[in-house]
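Note: the block below is structure-v4.tsv and it holds TSV, C-alpha atoms.
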```tsv
chain	number	residue	atom	x	y	z
B	1	MET	CA	10.59	-0.15	19.32
B	2	ASP	CA	11.95	0.73	15.88
B	3	LYS	CA	10.57	4.24	15.27
B	4	ARG	CA	10.43	3.93	11.50
B	5	LYS	CA	7.91	1.10	11.70
B	6	ASN	CA	5.33	3.43	13.23
B	7	THR	CA	5.02	5.82	10.34
B	8	ALA	CA	1.55	6.35	8.93
B	9	SER	CA	2.40	4.19	5.92
B	10	HIS	CA	3.53	1.29	8.09
B	11	LEU	CA	0.51	1.58	10.36
B	12	LEU	CA	-1.85	1.65	7.40
B	13	ALA	CA	-0.26	-1.46	5.93
B	14	ARG	CA	-0.14	-3.24	9.28
B	15	PHE	CA	-3.79	-2.66	10.16
B	16	ARG	CA	-5.14	-3.34	6.67
B	17	GLY	CA	-7.01	-6.46	7.72
B	18	LEU	CA	-8.81	-4.56	10.44
B	19	ILE	CA	-9.68	-1.76	8.03
B	20	GLN	CA	-11.03	-4.28	5.54
B	21	ALA	CA	-13.22	-5.86	8.22
B	22	ALA	CA	-14.48	-2.46	9.33
B	23	ALA	CA	-15.22	-1.44	5.75
B	24	THR	CA	-17.14	-4.65	5.13
B	25	LEU	CA	-19.19	-4.02	8.26
B	26	ALA	CA	-19.85	-0.39	7.35
B	27	THR	CA	-20.90	-1.46	3.86
B	28	ASN	CA	-23.27	-4.02	5.40
B	29	ILE	CA	-24.38	-2.36	8.61
B	30	HIS	CA	-28.00	-3.54	8.70
B	31	LEU	CA	-27.18	-6.95	10.14
B	32	PRO	CA	-30.60	-7.66	11.74
B	33	ASN	CA	-32.06	-7.93	8.23
B	34	PHE	CA	-30.34	-11.28	7.81
B	35	ALA	CA	-32.74	-12.66	10.39
B	36	LYS	CA	-35.71	-10.80	8.95
B	37	GLY	CA	-35.16	-12.11	5.42
B	38	GLY	CA	-35.62	-8.66	3.89
B	39	ILE	CA	-33.43	-5.84	2.61
B	40	TYR	CA	-32.78	-2.31	3.90
B	41	GLN	CA	-35.05	0.14	2.10
B	42	GLY	CA	-33.92	3.47	3.49
B	43	ALA	CA	-32.62	6.56	1.72
B	44	GLY	CA	-29.03	5.46	2.22
B	45	LYS	CA	-29.53	3.09	-0.67
B	46	ALA	CA	-29.38	6.06	-3.07
B	47	VAL	CA	-25.66	6.40	-2.31
B	48	CYS	CA	-23.11	4.14	-3.99
B	49	VAL	CA	-20.64	2.31	-1.76
B	50	PRO	CA	-17.06	2.27	-3.09
B	51	GLY	CA	-16.58	-1.51	-3.34
B	52	LEU	CA	-18.39	-4.42	-4.96
B	53	ASN	CA	-21.34	-5.08	-2.65
B	54	CYS	CA	-24.71	-6.30	-3.86
B	55	TYR	CA	-27.63	-4.07	-2.92
B	56	SER	CA	-29.74	-7.21	-2.50
B	57	CYS	CA	-27.64	-8.15	0.49
B	58	PRO	CA	-30.04	-7.85	3.45
B	59	ALA	CA	-27.47	-5.83	5.38
B	60	ALA	CA	-26.32	-3.59	2.51
B	61	SER	CA	-26.03	0.05	3.55
B	62	GLY	CA	-25.89	1.51	0.07
B	63	ALA	CA	-26.05	0.74	-3.60
B	64	CYS	CA	-23.56	-1.27	-5.61
B	65	PRO	CA	-21.97	1.13	-8.13
B	66	ILE	CA	-21.80	-1.48	-10.87
B	67	GLY	CA	-25.38	-2.63	-10.31
B	68	SER	CA	-26.55	0.98	-10.09
B	69	PHE	CA	-24.90	1.92	-13.36
B	70	GLN	CA	-26.53	-0.98	-15.16
B	71	SER	CA	-29.94	-0.33	-13.66
B	72	VAL	CA	-29.86	3.33	-14.71
B	73	VAL	CA	-28.64	2.72	-18.26
B	74	GLY	CA	-30.92	-0.30	-18.59
B	75	SER	CA	-33.98	1.77	-17.75
B	76	SER	CA	-36.08	3.13	-20.58
B	77	LYS	CA	-35.49	6.68	-19.31
B	78	PHE	CA	-31.67	6.90	-19.42
B	79	SER	CA	-28.89	5.52	-21.61
B	80	PHE	CA	-26.01	6.78	-19.45
B	81	SER	CA	-25.57	7.41	-15.75
B	82	TYR	CA	-23.85	10.68	-14.91
B	83	TYR	CA	-24.59	10.18	-11.22
B	84	VAL	CA	-22.88	6.80	-10.88
B	85	THR	CA	-20.05	7.60	-13.31
B	86	GLY	CA	-19.38	10.89	-11.54
B	87	THR	CA	-19.33	9.08	-8.20
B	88	LEU	CA	-16.84	6.53	-9.52
B	89	ILE	CA	-14.64	9.28	-10.99
B	90	LEU	CA	-14.58	11.06	-7.63
B	91	ILE	CA	-13.75	7.86	-5.73
B	92	GLY	CA	-11.20	6.93	-8.38
B	93	VAL	CA	-9.40	10.27	-8.20
B	94	LEU	CA	-9.51	10.42	-4.42
B	95	LEU	CA	-8.50	6.82	-3.75
B	96	GLY	CA	-7.81	4.83	-6.92
B	97	ARG	CA	-7.42	1.12	-6.26
B	98	PHE	CA	-6.95	1.77	-2.55
B	99	VAL	CA	-10.65	0.85	-2.60
B	100	CYS	CA	-9.72	-2.63	-3.83
B	101	GLY	CA	-6.97	-3.05	-1.29
B	102	PHE	CA	-8.74	-1.72	1.78
B	103	LEU	CA	-12.48	-1.16	1.29
B	104	CYS	CA	-13.95	-3.85	-0.96
B	105	PRO	CA	-15.75	-6.71	0.83
B	106	PHE	CA	-15.29	-9.14	-2.04
B	107	GLY	CA	-11.59	-8.38	-2.23
B	108	TRP	CA	-11.30	-9.09	1.47
B	109	LEU	CA	-13.22	-12.35	1.06
B	110	GLN	CA	-10.79	-13.56	-1.60
B	111	GLU	CA	-7.87	-12.77	0.70
B	112	LEU	CA	-9.49	-14.76	3.49
B	113	PHE	CA	-9.90	-17.73	1.13
B	114	HIS	CA	-6.26	-17.35	0.13
B	115	LYS	CA	-5.21	-17.84	3.74
B	116	ILE	CA	-6.50	-21.44	3.56
B	117	PRO	CA	-3.38	-23.60	3.49
B	118	SER	CA	-2.76	-25.05	0.03
B	119	LYS	CA	-0.29	-24.96	-2.81
B	120	LYS	CA	-0.19	-21.37	-4.04
B	121	LEU	CA	0.16	-20.62	-7.74
B	122	SER	CA	1.75	-17.55	-9.28
B	123	THR	CA	-0.14	-15.30	-11.67
B	124	LYS	CA	3.03	-13.72	-13.08
B	125	LYS	CA	2.67	-15.57	-16.39
B	126	LEU	CA	-1.08	-14.91	-16.54
B	127	LYS	CA	-0.84	-11.14	-16.93
B	128	PRO	CA	-2.77	-11.10	-20.25
B	129	LEU	CA	-5.82	-12.28	-18.30
B	130	THR	CA	-5.89	-8.92	-16.52
B	131	TYR	CA	-7.30	-7.34	-19.66
B	132	ILE	CA	-10.47	-9.46	-19.45
B	133	LYS	CA	-11.88	-7.20	-16.74
B	134	TYR	CA	-11.80	-4.22	-19.10
B	135	ALA	CA	-13.85	-6.20	-21.62
B	136	VAL	CA	-16.30	-7.13	-18.83
B	137	LEU	CA	-16.60	-3.45	-17.93
B	138	LEU	CA	-17.11	-2.33	-21.51
B	139	PHE	CA	-19.51	-5.02	-22.67
B	140	ALA	CA	-21.36	-6.46	-19.68
B	141	VAL	CA	-21.66	-3.23	-17.71
B	142	VAL	CA	-21.74	-0.39	-20.24
B	143	LEU	CA	-22.87	-1.60	-23.67
B	144	LEU	CA	-25.14	-4.62	-23.34
B	145	PRO	CA	-27.64	-3.09	-20.87
B	146	VAL	CA	-28.09	-0.20	-23.30
B	147	LEU	CA	-28.07	-2.08	-26.59
B	148	VAL	CA	-29.93	-5.29	-25.77
B	149	VAL	CA	-33.36	-4.14	-24.70
B	150	ASN	CA	-36.88	-5.55	-24.56
B	151	ASP	CA	-40.01	-4.16	-26.20
B	152	VAL	CA	-40.34	-1.36	-23.67
B	153	GLY	CA	-36.71	-0.29	-23.99
B	154	MET	CA	-35.38	-1.84	-20.80
B	155	GLY	CA	-32.12	-3.77	-20.66
B	156	ASP	CA	-30.91	-6.43	-18.24
B	157	PRO	CA	-28.02	-5.77	-15.87
B	158	PHE	CA	-25.81	-8.26	-17.68
B	159	PHE	CA	-22.92	-8.30	-15.24
B	160	CYS	CA	-25.20	-8.67	-12.23
B	161	LYS	CA	-27.39	-11.26	-13.90
B	162	TYR	CA	-24.82	-13.54	-15.54
B	163	ILE	CA	-21.44	-12.95	-13.88
B	164	CYS	CA	-21.38	-11.35	-10.44
B	165	PRO	CA	-20.79	-13.91	-7.67
B	166	GLN	CA	-21.39	-11.33	-4.93
B	167	GLY	CA	-25.13	-11.31	-5.59
B	168	VAL	CA	-25.32	-15.04	-4.92
B	169	LEU	CA	-23.12	-14.89	-1.84
B	170	GLU	CA	-24.69	-11.85	-0.21
B	171	GLY	CA	-28.20	-11.95	-1.64
B	172	ALA	CA	-29.42	-15.30	-2.86
B	173	ILE	CA	-27.96	-17.50	-0.14
B	174	PRO	CA	-29.00	-15.54	2.97
B	175	LEU	CA	-32.41	-14.62	1.52
B	176	SER	CA	-33.25	-18.14	0.36
B	177	ILE	CA	-32.39	-19.47	3.83
B	178	MET	CA	-35.02	-17.21	5.41
B	179	ASN	CA	-37.57	-16.99	2.60
B	180	VAL	CA	-39.24	-20.11	1.22
B	181	GLY	CA	-40.67	-18.18	-1.74
B	182	ILE	CA	-37.23	-17.10	-2.90
B	183	ARG	CA	-35.84	-20.56	-2.25
B	184	SER	CA	-38.47	-22.19	-4.45
B	185	ALA	CA	-37.88	-19.67	-7.26
B	186	LEU	CA	-34.17	-20.44	-7.63
B	187	GLY	CA	-33.38	-22.23	-10.89
B	188	LYS	CA	-30.79	-22.59	-13.60
B	189	LEU	CA	-29.56	-19.01	-13.42
B	190	PHE	CA	-28.87	-19.39	-9.71
B	191	SER	CA	-27.05	-22.66	-10.38
B	192	TRP	CA	-24.86	-20.96	-12.99
B	193	LYS	CA	-23.99	-18.08	-10.69
B	194	LEU	CA	-23.42	-20.41	-7.75
B	195	ALA	CA	-20.98	-22.32	-9.93
B	196	ILE	CA	-19.16	-19.05	-10.68
B	197	LEU	CA	-19.01	-18.28	-6.95
B	198	ILE	CA	-17.57	-21.73	-6.19
B	199	VAL	CA	-14.99	-21.42	-8.98
B	200	VAL	CA	-13.94	-17.97	-7.71
B	201	ALA	CA	-13.69	-19.34	-4.16
B	202	VAL	CA	-11.52	-22.28	-5.25
B	203	LEU	CA	-9.34	-20.07	-7.45
B	204	SER	CA	-8.93	-17.65	-4.54
B	205	VAL	CA	-7.45	-20.43	-2.46
B	206	LEU	CA	-4.89	-21.14	-5.19
B	207	PHE	CA	-4.29	-17.66	-6.62
B	208	TYR	CA	-4.23	-14.24	-4.97
B	209	ARG	CA	-7.40	-12.25	-5.74
B	210	PRO	CA	-8.24	-13.85	-9.11
B	211	PHE	CA	-11.57	-12.03	-9.43
B	212	CYS	CA	-9.94	-8.66	-8.79
B	213	LYS	CA	-7.19	-9.34	-11.30
B	214	TRP	CA	-9.19	-10.88	-14.11
B	215	ILE	CA	-12.95	-10.20	-13.88
B	216	CYS	CA	-14.02	-7.29	-11.68
B	217	PRO	CA	-15.31	-4.36	-13.75
B	218	LEU	CA	-15.15	-2.05	-10.72
B	219	GLY	CA	-11.49	-2.90	-10.30
B	220	ALA	CA	-11.05	-2.22	-14.00
B	221	PHE	CA	-12.48	1.28	-13.63
B	222	TYR	CA	-10.40	2.10	-10.57
B	223	ALA	CA	-7.33	0.66	-12.35
B	224	LEU	CA	-7.79	3.28	-15.06
B	225	MET	CA	-7.81	5.93	-12.35
B	226	ASN	CA	-4.64	4.73	-10.59
B	227	LYS	CA	-2.45	7.00	-12.68
B	228	VAL	CA	-4.38	10.12	-11.61
B	229	SER	CA	-5.43	9.20	-8.08
B	230	LEU	CA	-4.36	11.49	-5.26
B	231	LEU	CA	-3.42	8.44	-3.18
B	232	GLY	CA	-0.50	6.44	-4.43
B	233	ILE	CA	2.84	4.87	-3.60
B	234	ARG	CA	6.12	6.82	-3.53
B	235	VAL	CA	9.54	5.26	-3.93
B	236	ASP	CA	12.56	7.21	-2.70
B	237	HIS	CA	15.27	6.16	-5.13
B	238	CYS	CA	17.94	7.77	-2.95
B	239	LYS	CA	17.16	5.18	-0.28
B	240	CYS	CA	16.33	2.25	-2.56
B	241	VAL	CA	19.05	-0.39	-2.67
B	242	SER	CA	17.37	-2.48	-5.39
B	243	CYS	CA	17.16	-5.54	-3.17
B	244	GLY	CA	13.96	-6.68	-4.91
B	245	LYS	CA	12.09	-7.52	-1.69
B	246	CYS	CA	9.18	-5.28	-2.69
B	247	VAL	CA	8.80	-7.10	-5.99
B	248	LYS	CA	8.97	-10.47	-4.28
B	249	VAL	CA	6.28	-9.62	-1.74
B	250	CYS	CA	3.86	-8.05	-4.25
B	251	GLN	CA	1.05	-10.47	-5.03
B	252	MET	CA	-0.39	-8.23	-7.74
B	253	ASP	CA	2.77	-8.77	-9.84
B	254	VAL	CA	3.81	-5.10	-9.77
B	255	ASP	CA	7.38	-3.79	-9.62
B	256	VAL	CA	6.67	-0.75	-7.49
B	257	THR	CA	10.17	0.65	-7.99
B	258	ARG	CA	9.53	0.98	-11.71
B	259	THR	CA	5.76	1.57	-11.89
B	260	PRO	CA	4.41	2.79	-8.54
B	261	ASP	CA	1.15	3.90	-10.16
B	262	HIS	CA	0.60	0.65	-12.03
B	263	ALA	CA	-3.02	-0.18	-12.86
B	264	GLU	CA	-2.74	-3.49	-10.99
B	265	CYS	CA	-1.46	-1.98	-7.73
B	266	ILE	CA	-4.19	-2.20	-5.10
B	267	ARG	CA	-2.19	-0.09	-2.59
B	268	CYS	CA	-2.10	-2.95	-0.07
B	269	GLY	CA	1.18	-1.66	1.38
B	270	LYS	CA	2.96	-5.01	1.53
B	271	CYS	CA	5.90	-3.43	-0.26
B	272	VAL	CA	5.99	-0.69	2.40
B	273	GLY	CA	6.40	-3.28	5.11
B	274	ALA	CA	8.90	-5.37	3.17
B	275	CYS	CA	11.33	-2.58	2.30
B	276	PRO	CA	14.38	-2.85	4.59
B	277	VAL	CA	15.40	0.80	4.09
B	278	ASP	CA	11.99	2.51	4.27
B	279	ALA	CA	12.20	3.72	0.69
B	280	ILE	CA	8.51	3.06	0.01
B	281	SER	CA	5.59	4.96	1.45
B	282	PHE	CA	2.03	5.97	0.75
B	283	ARG	CA	1.59	9.50	-0.59
B	284	TYR	CA	-1.47	11.69	-0.81
B	285	GLY	CA	-1.88	14.96	-2.64
B	286	LEU	CA	-2.29	16.83	-5.89
B	287	GLY	CA	0.36	16.42	-8.54
B	288	LEU	CA	2.53	14.08	-6.51
B	289	THR	CA	4.19	11.40	-8.58
B	290	GLY	CA	5.18	7.93	-7.54
B	291	ASP	CA	8.89	8.40	-8.15
B	292	LYS	CA	11.46	10.57	-6.61
B	293	PRO	CA	13.70	10.35	-9.68
B	294	ALA	CA	17.11	8.82	-9.25
B	295	GLN	CA	19.24	11.81	-8.40
B	296	SER	CA	22.98	12.03	-8.64
B	297	THR	CA	24.85	10.49	-5.73
B	298	GLN	CA	25.81	14.00	-4.66
B	299	ALA	CA	22.17	15.10	-4.67
B	300	CYS	CA	21.19	12.11	-2.55
B	301	GLU	CA	24.02	12.84	-0.14
B	302	ASN	CA	23.00	16.50	0.10
B	303	LYS	CA	19.44	15.55	1.06
E	1	MET	CA	5.27	15.82	-19.45
E	2	PHE	CA	2.63	13.83	-17.59
E	3	LYS	CA	4.06	15.08	-14.30
E	4	ALA	CA	3.33	18.64	-15.40
E	5	ILE	CA	-0.27	18.01	-16.39
E	6	LYS	CA	-1.10	15.52	-13.63
E	7	PRO	CA	-2.36	18.07	-11.10
E	8	VAL	CA	-4.40	19.74	-13.82
E	9	ALA	CA	-5.93	16.40	-14.77
E	10	GLN	CA	-6.68	15.60	-11.14
E	11	VAL	CA	-8.45	18.87	-10.49
E	12	ALA	CA	-10.29	18.65	-13.80
E	13	LEU	CA	-11.51	15.15	-13.01
E	14	LEU	CA	-12.64	16.20	-9.54
E	15	ILE	CA	-14.62	19.07	-11.07
E	16	VAL	CA	-16.04	16.81	-13.76
E	17	GLY	CA	-16.96	14.20	-11.16
E	18	VAL	CA	-18.79	16.70	-8.97
E	19	ALA	CA	-20.55	18.18	-11.99
E	20	MET	CA	-21.63	14.76	-13.23
E	21	VAL	CA	-22.97	13.77	-9.82
E	22	GLY	CA	-24.91	17.01	-9.58
E	23	PHE	CA	-26.28	16.70	-13.10
E	24	GLY	CA	-27.23	13.09	-12.53
E	25	ILE	CA	-29.08	13.89	-9.31
E	26	LYS	CA	-30.86	16.80	-11.02
E	27	ARG	CA	-32.21	14.62	-13.80
E	28	GLY	CA	-33.47	11.95	-11.44
E	29	GLU	CA	-30.79	9.27	-11.60
E	30	ALA	CA	-30.33	9.08	-7.82
E	31	ASP	CA	-34.06	8.38	-7.53
E	32	ALA	CA	-33.68	5.67	-10.15
E	33	VAL	CA	-30.80	4.11	-8.18
E	34	LEU	CA	-32.82	4.24	-4.97
E	35	ALA	CA	-35.86	2.73	-6.67
E	36	LYS	CA	-33.77	-0.21	-7.84
E	37	ALA	CA	-31.74	-0.65	-4.66
E	38	ILE	CA	-34.68	-0.85	-2.26
E	39	ARG	CA	-36.30	-3.63	-4.28
E	40	LEU	CA	-35.01	-7.14	-4.40
E	41	CYS	CA	-32.84	-7.46	-7.51
E	42	LEU	CA	-34.05	-10.74	-8.98
E	43	GLU	CA	-31.31	-10.74	-11.62
E	44	CYS	CA	-28.62	-10.28	-8.96
E	45	ILE	CA	-29.77	-13.23	-6.84
E	46	GLY	CA	-30.19	-15.56	-9.80
E	47	ILE	CA	-33.92	-15.62	-10.26
E	48	GLY	CA	-33.81	-13.38	-13.32
```
Please rewrite the model in this file as structure tokens.
Amino acid sequence: MDKRKNTASHLLARFRGLIQAAATLATNIHLPNFAKGGIYQGAGKAVCVPGLNCYSCPAASGACPIGSFQSVVGSSKFSFSYYVTGTLILIGVLLGRFVCGFLCPFGWLQELFHKIPSKKLSTKKLKPLTYIKYAVLLFAVVLLPVLVVNDVGMGDPFFCKYICPQGVLEGAIPLSIMNVGIRSALGKLFSWKLAILIVVAVLSVLFYRPFCKWICPLGAFYALMNKVSLLGIRVDHCKCVSCGKCVKVCQMDVDVTRTPDHAECIRCGKCVGACPVDAISFRYGLGLTGDKPAQSTQACENK
Amino acid sequence: MFKAIKPVAQVALLIVGVAMVGFGIKRGEADAVLAKAIRLCLECIGIG
């Protein structure tokens, strides 16, 4: 067996699907609740999970960070959430968008949809759409729940209420199957959000991770943290032969040889597996940068 | 220049993150999150 293919980086990239499945299960561990038609109400729900996972999912182990932020700032008592923001900063610094690539259930779902055989479309020319998610984060998650309030000073969780498809998939659908009261209460808002879910599902078949690229406010936050996260991608320019295979295999439209800490890199590791000379690897630590700068030929030879 | 300040920024953010979590818990935000998360979120499931 080729020894180089068993490095930690290669193993991480190779077993990513398994890790995603395990993370989805860990994030939704209370599976019997699907049959009960209720949600988990234990103390674990005070802790935010790292990915986008609705806390109204019957099996949800913890709280959705985006939903939690909105619920805290939308309450009459607080206008900002230090607890949730601090949690996201910690996760962002420790992992960055590794969360998107390995731990987020909705990211995994989109990848599963993308495996459905169909014509696949490139998002290379749609890069401007990636800025929409920052607007969703700023307006739907941060500002509107604080600014648009009712008579008692409470604001709606705008992203959860009007945009998030995960709430319909994980919450509305399983709960309405088991609970006739919930089923009879579903109306126009549910229809709107179901339409969003269907559109995201269809787009996921055609494009790679469209929700992650264009809409997800959690991905937007972690994207901002990619430049300072301890986990990143390193490119050894002494080994790199500029074959371009890493660029070709990247479905997030990132040139890892030029911008290994790009905001759109979800650390999936496909470039690690594609590189014929093992120039690309995961790195973890303080102060480590993505590049080993192109040294002189002599310096590379002396290595 | 960013390479020089990156480790400083990382440590600073880790400290800020821990401090914010602690402050948030102290002023009752974790209780607020729990109170919301253990109840069915009608907005999330499309009932409003």
Interface, chain B side, toward chain E (6 Å; only C-alpha atoms) as a ChimeraX atom specification: /B:41,45-46,55-56,63,68,82-83,86,89-90,160-161,167-168,171-172,186,189-190,228,286-287
- prompt: What is the atom CA of B:Ser76 to atom CA of B:Val146 distance in Å?
  reply: 9.1 Å
- request: Check the smallest atom-to-atom distance from each of B:Lys115, B:Arg183, B:Lys213, B:Lys77 to B:Tyr134 using all atoms listed in the file, then report the winner.
  value: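 Under the stated criterion, the closest residue is B:Lys213.
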message: Quick check, in Å to one decimal: how far apart do atom CA of B:Pro210 and atom CA of B:Tyr222 lie?
response: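 Taking atom CA of B:Pro210 and atom CA of B:Tyr222, their separation equals 16.2 Å.
Taking atom CA of B:Ser9 as the reference point, atom CA of B:Glu111 is found at 20.5 Å.
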field: Selected residue, from B:Gly38, B:Gly92, B:Pro165, B:Pro174, that lies nearest to B:Val200 when counting all atoms listed in the file
entry: B:Pro165
message: Around (-27.9, 4.3, 7.0), as given in the file, which residues come within 10 Å? Count all atoms listed in the file and list them as a PyMOL selection string.
response: chain B and resi 26-30+40-45+47+60-62
Please complete stretch 74-87 of chain B so it has N, CA, C and O atoms, and hand it over as a compact mmCIF listing (two decimals), in the frame of the given file.
```txt
# COMPACT_ATOMS: atom_id res chain seq x y z
N GLY B 74 -29.99 0.70 -18.08
CA GLY B 74 -30.92 -0.30 -18.59
C GLY B 74 -32.37 0.15 -18.49
O GLY B 74 -33.27 -0.52 -19.00
N SER B 75 -32.61 1.27 -17.83
CA SER B 75 -33.98 1.77 -17.75
C SER B 75 -34.36 2.40 -19.09
O SER B 75 -33.49 2.77 -19.88
N SER B 76 -35.65 2.54 -19.30
CA SER B 76 -36.08 3.13 -20.58
C SER B 76 -35.85 4.64 -20.59
O SER B 76 -35.86 5.28 -21.64
N LYS B 77 -35.58 5.22 -19.41
CA LYS B 77 -35.49 6.68 -19.31
C LYS B 77 -34.08 7.20 -19.61
O LYS B 77 -33.92 8.30 -20.14
N PHE B 78 -33.04 6.42 -19.27
CA PHE B 78 -31.67 6.90 -19.42
C PHE B 78 -30.84 5.91 -20.24
O PHE B 78 -31.09 4.72 -20.21
N SER B 79 -29.82 6.43 -20.93
CA SER B 79 -28.89 5.52 -21.61
C SER B 79 -27.48 5.70 -21.07
O SER B 79 -26.55 5.02 -21.51
N PHE B 80 -27.31 6.58 -20.10
CA PHE B 80 -26.01 6.78 -19.45
C PHE B 80 -26.27 7.31 -18.06
O PHE B 80 -27.23 8.04 -17.82
N SER B 81 -25.39 6.94 -17.12
CA SER B 81 -25.57 7.41 -15.75
C SER B 81 -24.47 8.38 -15.37
O SER B 81 -23.33 7.99 -15.12
N TYR B 82 -24.81 9.67 -15.36
CA TYR B 82 -23.85 10.68 -14.91
C TYR B 82 -23.62 10.56 -13.41
O TYR B 82 -22.50 10.75 -12.92
N TYR B 83 -24.67 10.24 -12.68
CA TYR B 83 -24.59 10.18 -11.22
C TYR B 83 -23.59 9.11 -10.78
O TYR B 83 -22.67 9.38 -10.00
N VAL B 84 -23.75 7.89 -11.31
CA VAL B 84 -22.88 6.80 -10.88
C VAL B 84 -21.46 7.00 -11.45
O VAL B 84 -20.48 6.81 -10.74
N THR B 85 -21.37 7.38 -12.71
CA THR B 85 -20.05 7.60 -13.31
C THR B 85 -19.30 8.71 -12.59
O THR B 85 -18.10 8.60 -12.31
N GLY B 86 -20.01 9.80 -12.28
CA GLY B 86 -19.38 10.89 -11.54
C GLY B 86 -18.90 10.44 -10.16
O GLY B 86 -17.81 10.81 -9.71
N THR B 87 -19.72 9.61 -9.50
CA THR B 87 -19.33 9.08 -8.20
C THR B 87 -18.07 8.24 -8.31
O THR B 87 -17.14 8.36 -7.50
```
